[in-house]
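Structure below is start_25.cif: mmCIF, C-alpha atoms.
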data_upload
loop_
_atom_site.label_atom_id
_atom_site.label_comp_id
_atom_site.auth_asym_id
_atom_site.auth_seq_id
_atom_site.Cartn_x
_atom_site.Cartn_y
_atom_site.Cartn_z
CA MET A 1 3.12 -46.50 17.90
CA VAL A 2 2.32 -47.87 21.36
CA ILE A 3 -0.90 -46.64 22.86
CA ILE A 4 -1.01 -47.00 26.62
CA THR A 5 -4.54 -47.36 27.89
CA THR A 6 -4.85 -45.27 31.00
CA GLY A 7 -8.52 -45.85 31.52
CA CYS A 8 -9.48 -42.24 31.00
CA GLN A 9 -10.97 -41.07 27.74
CA PRO A 10 -9.25 -38.19 25.98
CA ALA A 11 -11.36 -35.08 26.11
CA TYR A 12 -11.52 -34.91 22.34
CA ASP A 13 -11.03 -37.29 19.45
CA MET A 14 -9.13 -34.57 17.64
CA GLU A 15 -6.24 -33.01 19.55
CA ILE A 16 -4.62 -29.81 18.35
CA ASP A 17 -0.99 -29.19 19.20
CA GLY A 18 1.75 -26.65 18.50
CA ALA A 19 -0.60 -24.12 16.93
CA TRP A 20 0.66 -20.70 15.90
CA VAL A 21 -0.21 -17.90 13.48
CA ARG A 22 2.45 -15.91 11.70
CA ALA A 23 2.58 -12.23 12.73
CA THR A 24 1.74 -9.77 9.96
CA PRO A 25 4.08 -6.96 8.93
CA PRO A 26 2.57 -3.47 8.50
CA ASP A 27 0.10 -3.16 5.59
CA ARG A 28 -0.20 -6.92 5.03
CA ASP A 29 -3.50 -8.69 5.49
CA VAL A 30 -2.55 -12.24 4.48
CA THR A 31 -0.84 -14.73 6.76
CA GLY A 32 -0.49 -18.42 7.58
CA ALA A 33 -1.63 -20.54 10.53
CA TYR A 34 0.06 -23.80 11.46
CA LEU A 35 -0.77 -26.69 13.79
CA VAL A 36 -0.68 -30.45 14.24
CA ILE A 37 -3.96 -32.39 14.41
CA ARG A 38 -3.95 -35.77 16.16
CA ASN A 39 -6.80 -38.12 15.54
CA ARG A 40 -7.44 -40.35 18.59
CA SER A 41 -10.41 -42.08 16.97
CA ASP A 42 -10.49 -45.22 14.87
CA GLN A 43 -11.96 -43.37 11.92
CA PRO A 44 -10.06 -41.14 9.51
CA ARG A 45 -11.30 -37.56 9.69
CA GLU A 46 -10.91 -34.74 7.27
CA LEU A 47 -10.40 -31.11 8.17
CA LEU A 48 -12.68 -29.23 5.78
CA ALA A 49 -12.76 -25.63 6.90
CA VAL A 50 -11.31 -23.11 9.31
CA GLU A 51 -13.06 -20.03 10.62
CA THR A 52 -11.63 -17.13 12.58
CA PRO A 53 -12.89 -13.76 13.74
CA ALA A 54 -9.41 -12.35 13.03
CA ALA A 55 -9.75 -12.49 9.24
CA GLU A 56 -12.39 -12.18 6.56
CA TYR A 57 -11.91 -15.79 5.56
CA ALA A 58 -9.56 -18.72 5.93
CA GLU A 59 -8.63 -21.41 3.43
CA LEU A 60 -6.63 -24.63 3.40
CA HIS A 61 -3.62 -24.43 1.11
CA THR A 62 -0.70 -26.51 0.05
CA MET A 63 2.64 -25.69 -1.58
CA ARG A 64 3.27 -27.36 -4.89
CA GLN A 65 6.37 -27.50 -7.02
CA VAL A 66 5.39 -26.58 -10.59
CA ASP A 67 8.02 -26.04 -13.28
CA ASP A 68 10.69 -25.33 -10.63
CA MET A 69 8.43 -22.80 -8.93
CA MET A 70 6.76 -23.10 -5.56
CA GLU A 71 3.11 -22.35 -5.99
CA MET A 72 0.49 -22.04 -3.31
CA GLU A 73 -2.73 -23.83 -4.10
CA LYS A 74 -6.10 -24.07 -2.36
CA ILE A 75 -7.09 -27.56 -1.25
CA GLU A 76 -10.50 -28.89 -0.22
CA GLY A 77 -9.44 -30.70 2.92
CA VAL A 78 -6.68 -32.33 4.94
CA VAL A 79 -7.16 -35.98 5.93
CA VAL A 80 -6.10 -36.99 9.42
CA PRO A 81 -5.66 -40.79 9.47
CA ALA A 82 -7.26 -42.90 12.19
CA GLN A 83 -4.97 -42.89 15.24
CA GLY A 84 -2.62 -40.71 13.22
CA GLU A 85 -1.77 -37.06 12.70
CA ALA A 86 -1.59 -34.35 10.07
CA ALA A 87 0.88 -31.49 10.32
CA LEU A 88 -0.06 -28.13 8.85
CA LYS A 89 3.30 -26.40 8.56
CA PRO A 90 5.23 -23.73 6.62
CA GLY A 91 6.13 -24.97 3.15
CA GLY A 92 3.49 -27.74 3.28
CA ASN A 93 -0.23 -27.99 3.88
CA HIS A 94 -1.27 -24.97 5.93
CA ILE A 95 -4.08 -22.60 6.80
CA MET A 96 -4.18 -19.20 5.08
CA LEU A 97 -5.94 -16.23 6.63
CA PHE A 98 -7.08 -13.62 4.11
CA GLY A 99 -8.24 -10.12 4.95
CA VAL A 100 -6.66 -10.08 8.41
CA LYS A 101 -8.65 -7.36 10.19
CA ARG A 102 -5.88 -5.81 12.25
CA GLN A 103 -2.14 -6.26 12.33
CA LEU A 104 -1.19 -9.39 14.29
CA ALA A 105 1.76 -8.74 16.57
CA GLU A 106 3.89 -11.31 18.34
CA GLY A 107 2.19 -12.11 21.66
CA ASP A 108 -1.36 -11.59 20.33
CA SER A 109 -3.67 -14.55 20.12
CA VAL A 110 -6.19 -15.62 17.53
CA SER A 111 -9.16 -17.95 17.82
CA LEU A 112 -9.44 -20.64 15.13
CA THR A 113 -12.38 -22.97 14.69
CA LEU A 114 -11.62 -26.18 12.80
CA ARG A 115 -14.54 -27.96 11.14
CA PHE A 116 -14.25 -31.66 10.34
CA ASP A 117 -16.14 -33.93 7.95
CA ASP A 118 -18.22 -35.47 10.76
CA GLN A 119 -19.58 -31.96 11.48
CA SER A 120 -17.56 -31.75 14.70
CA THR A 121 -15.63 -28.57 15.43
CA ARG A 122 -12.70 -27.67 17.63
CA THR A 123 -11.95 -24.12 18.64
CA VAL A 124 -8.43 -23.30 19.75
CA THR A 125 -6.74 -20.10 20.85
CA VAL A 126 -3.53 -19.72 18.93
CA GLU A 127 -0.42 -17.73 19.69
CA VAL A 128 0.92 -15.16 17.18
CA LEU A 129 4.63 -15.61 16.43
CA LYS A 130 7.04 -14.17 13.87
CA SER A 131 8.59 -17.52 13.10
CA ARG A 132 7.95 -21.12 13.94
CA PRO A 133 8.63 -22.11 17.52
CA MET B 1 30.78 -43.18 3.38
CA GLY B 2 28.02 -41.80 1.21
CA ALA B 3 28.06 -38.42 2.91
CA LYS B 4 28.07 -36.40 -0.26
CA LYS B 5 24.85 -35.35 -1.81
CA PRO B 6 25.35 -34.66 -5.50
CA GLY B 7 24.24 -31.15 -6.39
CA HIS B 8 22.93 -32.13 -9.78
CA GLN B 9 19.95 -33.80 -8.19
CA LEU B 10 18.59 -30.32 -7.76
CA TYR B 11 18.40 -30.04 -11.50
CA GLN B 12 15.57 -32.42 -12.06
CA SER B 13 12.96 -29.82 -12.86
CA THR B 14 14.90 -26.82 -14.09
CA THR B 15 14.28 -25.02 -17.33
CA SER B 16 15.72 -26.25 -20.58
CA ASN B 17 18.19 -23.37 -20.82
CA LEU B 18 19.94 -24.72 -17.74
CA THR B 19 20.30 -28.33 -18.77
CA GLY B 20 23.75 -29.70 -19.34
CA LEU B 21 25.34 -27.18 -17.00
CA VAL B 22 26.57 -29.57 -14.42
CA THR B 23 30.28 -30.07 -14.51
CA ARG B 24 32.58 -31.35 -11.86
CA THR B 25 35.32 -29.22 -10.44
CA GLY B 26 38.58 -29.65 -8.61
CA LEU B 27 36.69 -29.16 -5.39
CA VAL B 28 35.47 -32.72 -5.58
CA THR B 29 38.92 -33.82 -4.56
CA ARG B 30 38.92 -31.35 -1.74
CA THR B 31 35.57 -32.62 -0.50
CA GLY B 32 36.86 -36.16 -0.78
CA LEU B 33 39.84 -35.23 1.39
CA ALA B 34 37.53 -33.68 3.98
CA ILE B 35 35.56 -36.89 4.12
CA LEU B 36 38.72 -38.98 4.41
CA ALA B 37 39.81 -36.78 7.28
CA ALA B 38 36.41 -37.16 8.93
CA THR B 39 36.64 -40.94 8.52
CA ALA B 40 40.08 -40.96 10.09
CA LEU B 41 38.75 -39.02 13.06
CA LEU B 42 35.88 -41.44 13.49
CA LEU B 43 38.22 -44.44 13.33
CA SER B 44 40.61 -42.98 15.85
CA SER B 45 37.83 -42.43 18.37
CA GLY B 46 37.65 -46.18 18.96
CA CYS B 47 34.90 -47.84 20.93
CA ARG B 48 34.20 -45.33 23.64
CA ALA B 49 30.83 -45.07 25.28
CA GLU B 50 30.26 -41.62 23.77
CA PRO B 51 28.38 -41.72 20.49
CA PRO B 52 30.29 -40.37 17.49
CA PRO B 53 29.45 -36.80 16.47
CA PRO B 54 26.57 -36.65 14.00
CA GLN B 55 27.70 -37.00 10.42
CA ILE B 56 27.32 -33.79 8.43
CA ASP B 57 26.68 -34.02 4.72
CA ILE B 58 28.94 -31.87 2.57
CA PRO B 59 27.69 -30.52 -0.75
CA GLU B 60 29.73 -31.11 -3.85
CA LEU B 61 30.21 -27.61 -5.26
CA LEU B 62 29.70 -27.07 -8.97
CA ASP B 63 30.99 -24.77 -11.66
CA TYR B 64 28.18 -23.19 -13.63
CA GLY B 65 30.47 -21.41 -16.08
CA GLU B 66 30.23 -17.85 -17.37
CA ARG B 67 26.74 -17.98 -18.77
CA PHE B 68 24.94 -18.47 -15.47
CA GLY B 69 25.00 -16.60 -12.21
CA GLY B 70 27.51 -13.77 -12.01
CA ASP B 71 27.32 -10.09 -11.14
CA PHE B 72 24.36 -7.74 -11.53
CA THR B 73 23.36 -4.25 -10.47
CA LEU B 74 20.10 -3.58 -8.61
CA THR B 75 18.81 -1.11 -6.02
CA ASP B 76 18.83 -1.97 -2.32
CA GLN B 77 16.37 -1.12 0.46
CA ASP B 78 18.29 2.10 1.19
CA GLU B 79 17.98 3.11 -2.47
CA GLU B 80 21.68 2.54 -3.07
CA ARG B 81 22.85 0.76 -6.21
CA PHE B 82 24.28 -2.64 -5.37
CA ASN B 83 26.54 -5.08 -7.20
CA LEU B 84 28.44 -8.14 -6.06
CA SER B 85 31.84 -6.90 -7.22
CA GLU B 86 31.76 -4.13 -4.60
CA TYR B 87 32.52 -6.85 -2.05
CA PRO B 88 35.56 -8.73 -3.30
CA GLY B 89 36.44 -11.77 -1.20
CA ASP B 90 32.96 -12.08 0.31
CA ALA B 91 30.65 -15.00 -0.40
CA PHE B 92 26.93 -14.58 -1.06
CA LEU B 93 23.71 -16.41 -0.40
CA ILE B 94 21.08 -15.21 -2.87
CA PHE B 95 17.39 -16.01 -3.00
CA PHE B 96 14.35 -14.61 -4.78
CA GLY B 97 10.94 -13.83 -3.29
CA TYR B 98 8.47 -11.04 -2.67
CA THR B 99 7.31 -9.28 0.46
CA TYR B 100 3.63 -10.21 0.09
CA CYS B 101 4.75 -13.85 0.18
CA PRO B 102 2.90 -15.31 3.16
CA ASP B 103 4.60 -18.67 3.59
CA ALA B 104 7.72 -19.62 1.63
CA CYS B 105 9.65 -16.35 2.15
CA PRO B 106 9.31 -16.03 5.94
CA LEU B 107 10.23 -19.72 6.03
CA MET B 108 13.41 -19.01 4.04
CA LEU B 109 14.31 -16.18 6.43
CA SER B 110 13.94 -18.49 9.47
CA MET B 111 15.97 -21.13 7.68
CA LEU B 112 18.74 -18.59 7.01
CA ALA B 113 18.77 -17.65 10.69
CA ALA B 114 19.32 -21.36 11.45
CA VAL B 115 22.19 -21.49 8.92
CA TYR B 116 23.94 -18.54 10.54
CA ASP B 117 23.43 -20.15 13.96
CA VAL B 118 25.53 -23.16 12.93
CA LEU B 119 27.92 -21.34 10.59
CA ASP B 120 31.24 -20.96 12.33
CA LEU B 121 33.17 -18.32 10.37
CA GLU B 122 36.56 -16.93 11.24
CA PRO B 123 37.23 -13.20 11.33
CA GLY B 124 37.49 -11.88 7.79
CA GLN B 125 35.26 -14.59 6.35
CA ASP B 126 32.17 -12.70 5.31
CA VAL B 127 28.94 -13.99 3.82
CA ARG B 128 26.32 -11.56 2.59
CA THR B 129 22.69 -12.53 2.22
CA ILE B 130 20.80 -11.08 -0.75
CA TYR B 131 17.03 -11.14 -1.25
CA ILE B 132 15.89 -10.18 -4.75
CA THR B 133 12.22 -9.40 -5.29
CA VAL B 134 10.35 -10.86 -8.25
CA ASP B 135 7.54 -8.38 -7.58
CA PRO B 136 9.19 -4.98 -8.19
CA LEU B 137 5.82 -3.32 -8.82
CA ARG B 138 4.87 -3.65 -5.14
CA ASP B 139 8.32 -4.12 -3.61
CA THR B 140 9.78 -0.65 -3.48
CA PRO B 141 12.98 -0.11 -1.48
CA GLU B 142 10.83 1.15 1.38
CA GLN B 143 8.65 -1.99 1.34
CA LEU B 144 11.76 -4.17 1.37
CA ARG B 145 13.21 -2.20 4.27
CA GLU B 146 10.04 -2.57 6.37
CA TYR B 147 9.61 -6.24 5.57
CA LEU B 148 13.19 -7.25 6.29
CA ALA B 149 13.29 -5.18 9.48
CA TYR B 150 10.13 -7.00 10.56
CA PHE B 151 10.89 -10.62 9.65
CA SER B 152 14.61 -11.07 9.35
CA THR B 153 16.81 -11.76 12.32
CA VAL B 154 19.85 -11.86 10.05
CA ASP B 155 21.36 -9.05 8.01
CA VAL B 156 19.73 -9.31 4.59
CA ARG B 157 20.19 -6.89 1.71
CA GLY B 158 16.88 -6.56 -0.14
CA LEU B 159 17.15 -5.70 -3.84
CA THR B 160 14.66 -4.39 -6.35
CA GLY B 161 14.82 -2.74 -9.75
CA SER B 162 12.87 -2.31 -12.94
CA ARG B 163 11.01 -5.34 -14.27
CA GLU B 164 13.68 -5.62 -17.02
CA GLU B 165 16.54 -5.53 -14.51
CA ILE B 166 14.88 -8.19 -12.33
CA ASP B 167 14.12 -10.39 -15.33
CA ALA B 168 17.73 -10.23 -16.51
CA VAL B 169 19.03 -11.36 -13.08
CA ALA B 170 16.33 -14.04 -12.79
CA GLU B 171 17.30 -15.45 -16.16
CA ARG B 172 20.99 -15.62 -15.28
CA TYR B 173 20.15 -17.53 -12.10
CA GLY B 174 17.54 -19.77 -13.74
CA VAL B 175 14.75 -18.33 -11.61
CA LEU B 176 11.18 -18.54 -12.83
CA TYR B 177 8.21 -16.67 -11.47
CA LYS B 178 4.58 -16.22 -12.37
CA LEU B 179 2.14 -13.61 -11.12
CA GLN B 180 -1.08 -15.37 -10.15
CA GLU B 181 -4.65 -14.16 -10.66
CA PRO B 182 -5.47 -11.23 -8.37
CA ASN B 183 -8.36 -11.61 -5.89
CA GLU B 184 -11.25 -9.13 -5.61
CA ALA B 185 -9.13 -6.75 -3.56
CA GLY B 186 -6.45 -6.77 -6.28
CA HIS B 187 -3.97 -8.79 -4.24
CA TYR B 188 -2.02 -11.44 -6.05
CA LEU B 189 0.40 -14.18 -5.07
CA VAL B 190 3.55 -14.94 -7.05
CA ALA B 191 4.72 -18.48 -7.74
CA HIS B 192 8.51 -18.46 -7.81
CA THR B 193 11.67 -20.54 -7.66
CA THR B 194 12.71 -20.92 -4.03
CA THR B 195 16.31 -22.03 -4.60
CA LEU B 196 19.04 -20.61 -2.36
CA PHE B 197 22.09 -19.78 -4.49
CA LEU B 198 25.63 -19.95 -3.19
CA VAL B 199 28.00 -17.50 -4.90
CA ASP B 200 31.72 -17.77 -4.23
CA ARG B 201 34.28 -15.11 -3.40
CA GLU B 202 34.93 -14.46 -7.10
CA GLY B 203 31.22 -13.91 -7.77
CA ARG B 204 30.66 -17.30 -9.41
CA LEU B 205 27.57 -19.40 -8.86
CA ARG B 206 28.67 -22.60 -7.11
CA TYR B 207 25.61 -24.34 -5.72
CA ARG B 208 21.84 -24.33 -5.71
CA PHE B 209 20.44 -25.30 -2.32
CA HIS B 210 16.90 -26.46 -1.83
CA PRO B 211 15.12 -24.56 0.97
CA SER B 212 14.55 -27.83 2.81
CA ASP B 213 18.26 -28.69 2.88
CA PRO B 214 19.48 -28.93 6.51
CA PRO B 215 21.12 -25.73 7.84
CA GLU B 216 24.26 -27.78 8.64
CA TYR B 217 24.52 -28.85 5.01
CA ILE B 218 24.23 -25.28 3.75
CA ALA B 219 26.75 -24.06 6.33
CA ALA B 220 29.18 -26.82 5.23
CA GLY B 221 28.84 -25.60 1.63
CA ILE B 222 29.61 -22.03 2.64
CA LYS B 223 32.68 -23.14 4.62
CA LEU B 224 34.10 -24.83 1.52
CA LEU B 225 34.39 -21.40 -0.12
CA PHE B 226 36.83 -20.29 2.57
CA GLU B 227 39.09 -23.33 2.57
#
Using structure tokens, write down the structure that the file contains.
Amino acid sequence: MVIITTGCQPAYDMEIDGAWVRATPPDRDVTGAYLVIRNRSDQPRELLAVETPAAEYAELHTMRQVDDMMEMEKIEGVVVPAQGEAALKPGGNHIMLFGVKRQLAEGDSVSLTLRFDDQSTRTVTVEVLKSRP
Amino acid sequence: MGAKKPGHQLYQSTTSNLTGLVTRTGLVTRTGLAILAATALLLSSGCRAEPPPPQIDIPELLDYGERFGGDFTLTDQDEERFNLSEYPGDAFLIFFGYTYCPDACPLMLSMLAAVYDVLDLEPGQDVRTIYITVDPLRDTPEQLREYLAYFSTVDVRGLTGSREEIDAVAERYGVLYKLQEPNEAGHYLVAHTTTLFLVDREGRLRYRFHPSDPPEYIAAGIKLLFE
């Protein structure tokens, strides 16, 4: 990758891009949130936790193939390499929201706070969509 | 040209009762002809400035014999009994899931929408999409109806039945599932096989797609059934 030095510092070391939360059908209180994290620093960072007022709690999950079955499994963190990125996407590593407090319709937005291993946080407002953009 | 992707690669982690199923069929020749024709087209285009059209992989269809796949009877989201043989001459895409599935199943529905976007069928060539729940306890016909109306942009027939009926169909298609530990609220996730099955116009299982196969590849497999 070619990094062009423009002389201005990026506002954040950790940039969040393409974030969306999947809309919830009636009577469902579990859904996924997806985004790409870009690490502009020279240190690897790990995403450790996600918080949101829209749900009782959020966890980091991955999809694993076990005995020809896809199984969702909780993970402790997602590493974002130095000057690299980590994609949280359907079918891969992703954020799960449990106990969604009210139905999320397309066009709503949800606030997510991402907490990293250096104690820094990023809060982003995320669009609710039925399927990935 | 290396365009073909052998279907038996999908068999790496299947259950023991499915091993040794993979046999070649006469369609290999047909696929080979299609590739020859594609090569001829590429050659005849010469050295123009325009780039050649992107190469589309074509699956090599398989014959799974009588023991696997085949017809079944379940109940659809409108509480009507459903079986494949009611639709002679139609092809089917079949997958298994459950409506509380937060990630893999909505992903499959978006992927199917992408398949239908690139699938160029002629009048009279009909493909029906079937979604069979592995969680019949929660997935009543009404639940299936609501879920599919909410998430699916393509016409999908959702099927449920008794646990025994579902298990019999799952076994014939080599589908495994496992109910996971419920949380405090009693909600549970279900690990399950996420294969997309292609069933031909005679109701025979012909291919097992992986959900990450490109939509163009899946569409090319469907088209083979109508050649």
For chain A versus chain B, which residues have an atom no more than 6 Å away, and what is each residue's nearest atom pair and distance in Å rounded to one decimal, using all atoms listed in the file, chain-then-number order, as a Markdown table?
| residue | atom | partner | partner_atom | distance |
| --- | --- | --- | --- | --- |
| A:Thr31 | CA | B:Pro102 | CA | 5.2 |
| A:Asp68 | CA | B:Ser13 | CA | 5.5 |
| A:Met69 | CA | B:Thr193 | CA | 4.1 |
| A:Met70 | CA | B:His192 | CA | 5.4 |
| A:Glu71 | CA | B:Ala191 | CA | 4.5 |
| A:Pro90 | CA | B:Asp103 | CA | 5.9 |
| A:Gly91 | CA | B:Ala104 | CA | 5.8 |
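Remark: for Glu171 (chain B), the closest of the candidate residues B:Thr153, B:Glu202, B:Phe96, B:Gln125 is B:Phe96 (distances computed over all atoms listed in the file).
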Proximity to Pro141 (chain B) - best of B:Asp155, B:Glu86, B:Glu80, B:Asp57, all atoms listed in the file: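 Closest to Pro141 (chain B), using all atoms listed in the file: B:Glu80.
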Assuming the chain letters and numbering stay as they are in my file, what does the PyMOL selection byres ((chain A and resi 122-130) around 10) actually select? List them as a PyMOL selection string. (chain A and resi 12-25+33-35+50-52+104-116+120-121+131-133) or (chain B and resi 106+110+150-152)
Once the PyMOL selection byres ((chain B and resi 207) around 9) is applied to the coordinates I shared, what remains selected? I want it as a PDB file with C-alpha atoms, in the frame of the given file.
ATOM      1  CA  GLY B   7      24.240 -31.150  -6.390  1.00  0.00           C
ATOM      2  CA  PRO B  59      27.690 -30.520  -0.750  1.00  0.00           C
ATOM      3  CA  GLU B  60      29.730 -31.110  -3.850  1.00  0.00           C
ATOM      4  CA  LEU B  61      30.210 -27.610  -5.260  1.00  0.00           C
ATOM      5  CA  LEU B  62      29.700 -27.070  -8.970  1.00  0.00           C
ATOM      6  CA  ASP B  63      30.990 -24.770 -11.660  1.00  0.00           C
ATOM      7  CA  TYR B  64      28.180 -23.190 -13.630  1.00  0.00           C
ATOM      8  CA  LEU B 196      19.040 -20.610  -2.360  1.00  0.00           C
ATOM      9  CA  PHE B 197      22.090 -19.780  -4.490  1.00  0.00           C
ATOM     10  CA  LEU B 198      25.630 -19.950  -3.190  1.00  0.00           C
ATOM     11  CA  VAL B 199      28.000 -17.500  -4.900  1.00  0.00           C
ATOM     12  CA  LEU B 205      27.570 -19.400  -8.860  1.00  0.00           C
ATOM     13  CA  ARG B 206      28.670 -22.600  -7.110  1.00  0.00           C
ATOM     14  CA  ARG B 208      21.840 -24.330  -5.710  1.00  0.00           C
ATOM     15  CA  PHE B 209      20.440 -25.300  -2.320  1.00  0.00           C
ATOM     16  CA  GLY B 221      28.840 -25.600   1.630  1.00  0.00           C
TER      17      GLY B 221
END
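Residues with any atom within 12 Å of the point (22.6, -19.0, 12.3), counting only C-alpha atoms, are B:Leu109, B:Ser110, B:Met111, B:Leu112, B:Ala113, B:Ala114, B:Val115, B:Tyr116, B:Asp117, B:Val118, B:Leu119, B:Asp120, B:Leu121, B:Val127, B:Thr129, B:Ser152, B:Thr153, B:Val154, B:Asp155, B:Pro214, B:Pro215, B:Glu216, B:Ile218, B:Ala219.
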So how many Å separate CA of Asp135 (chain B) and CA of Gly186 (chain B), to one decimal? 14.1 Å
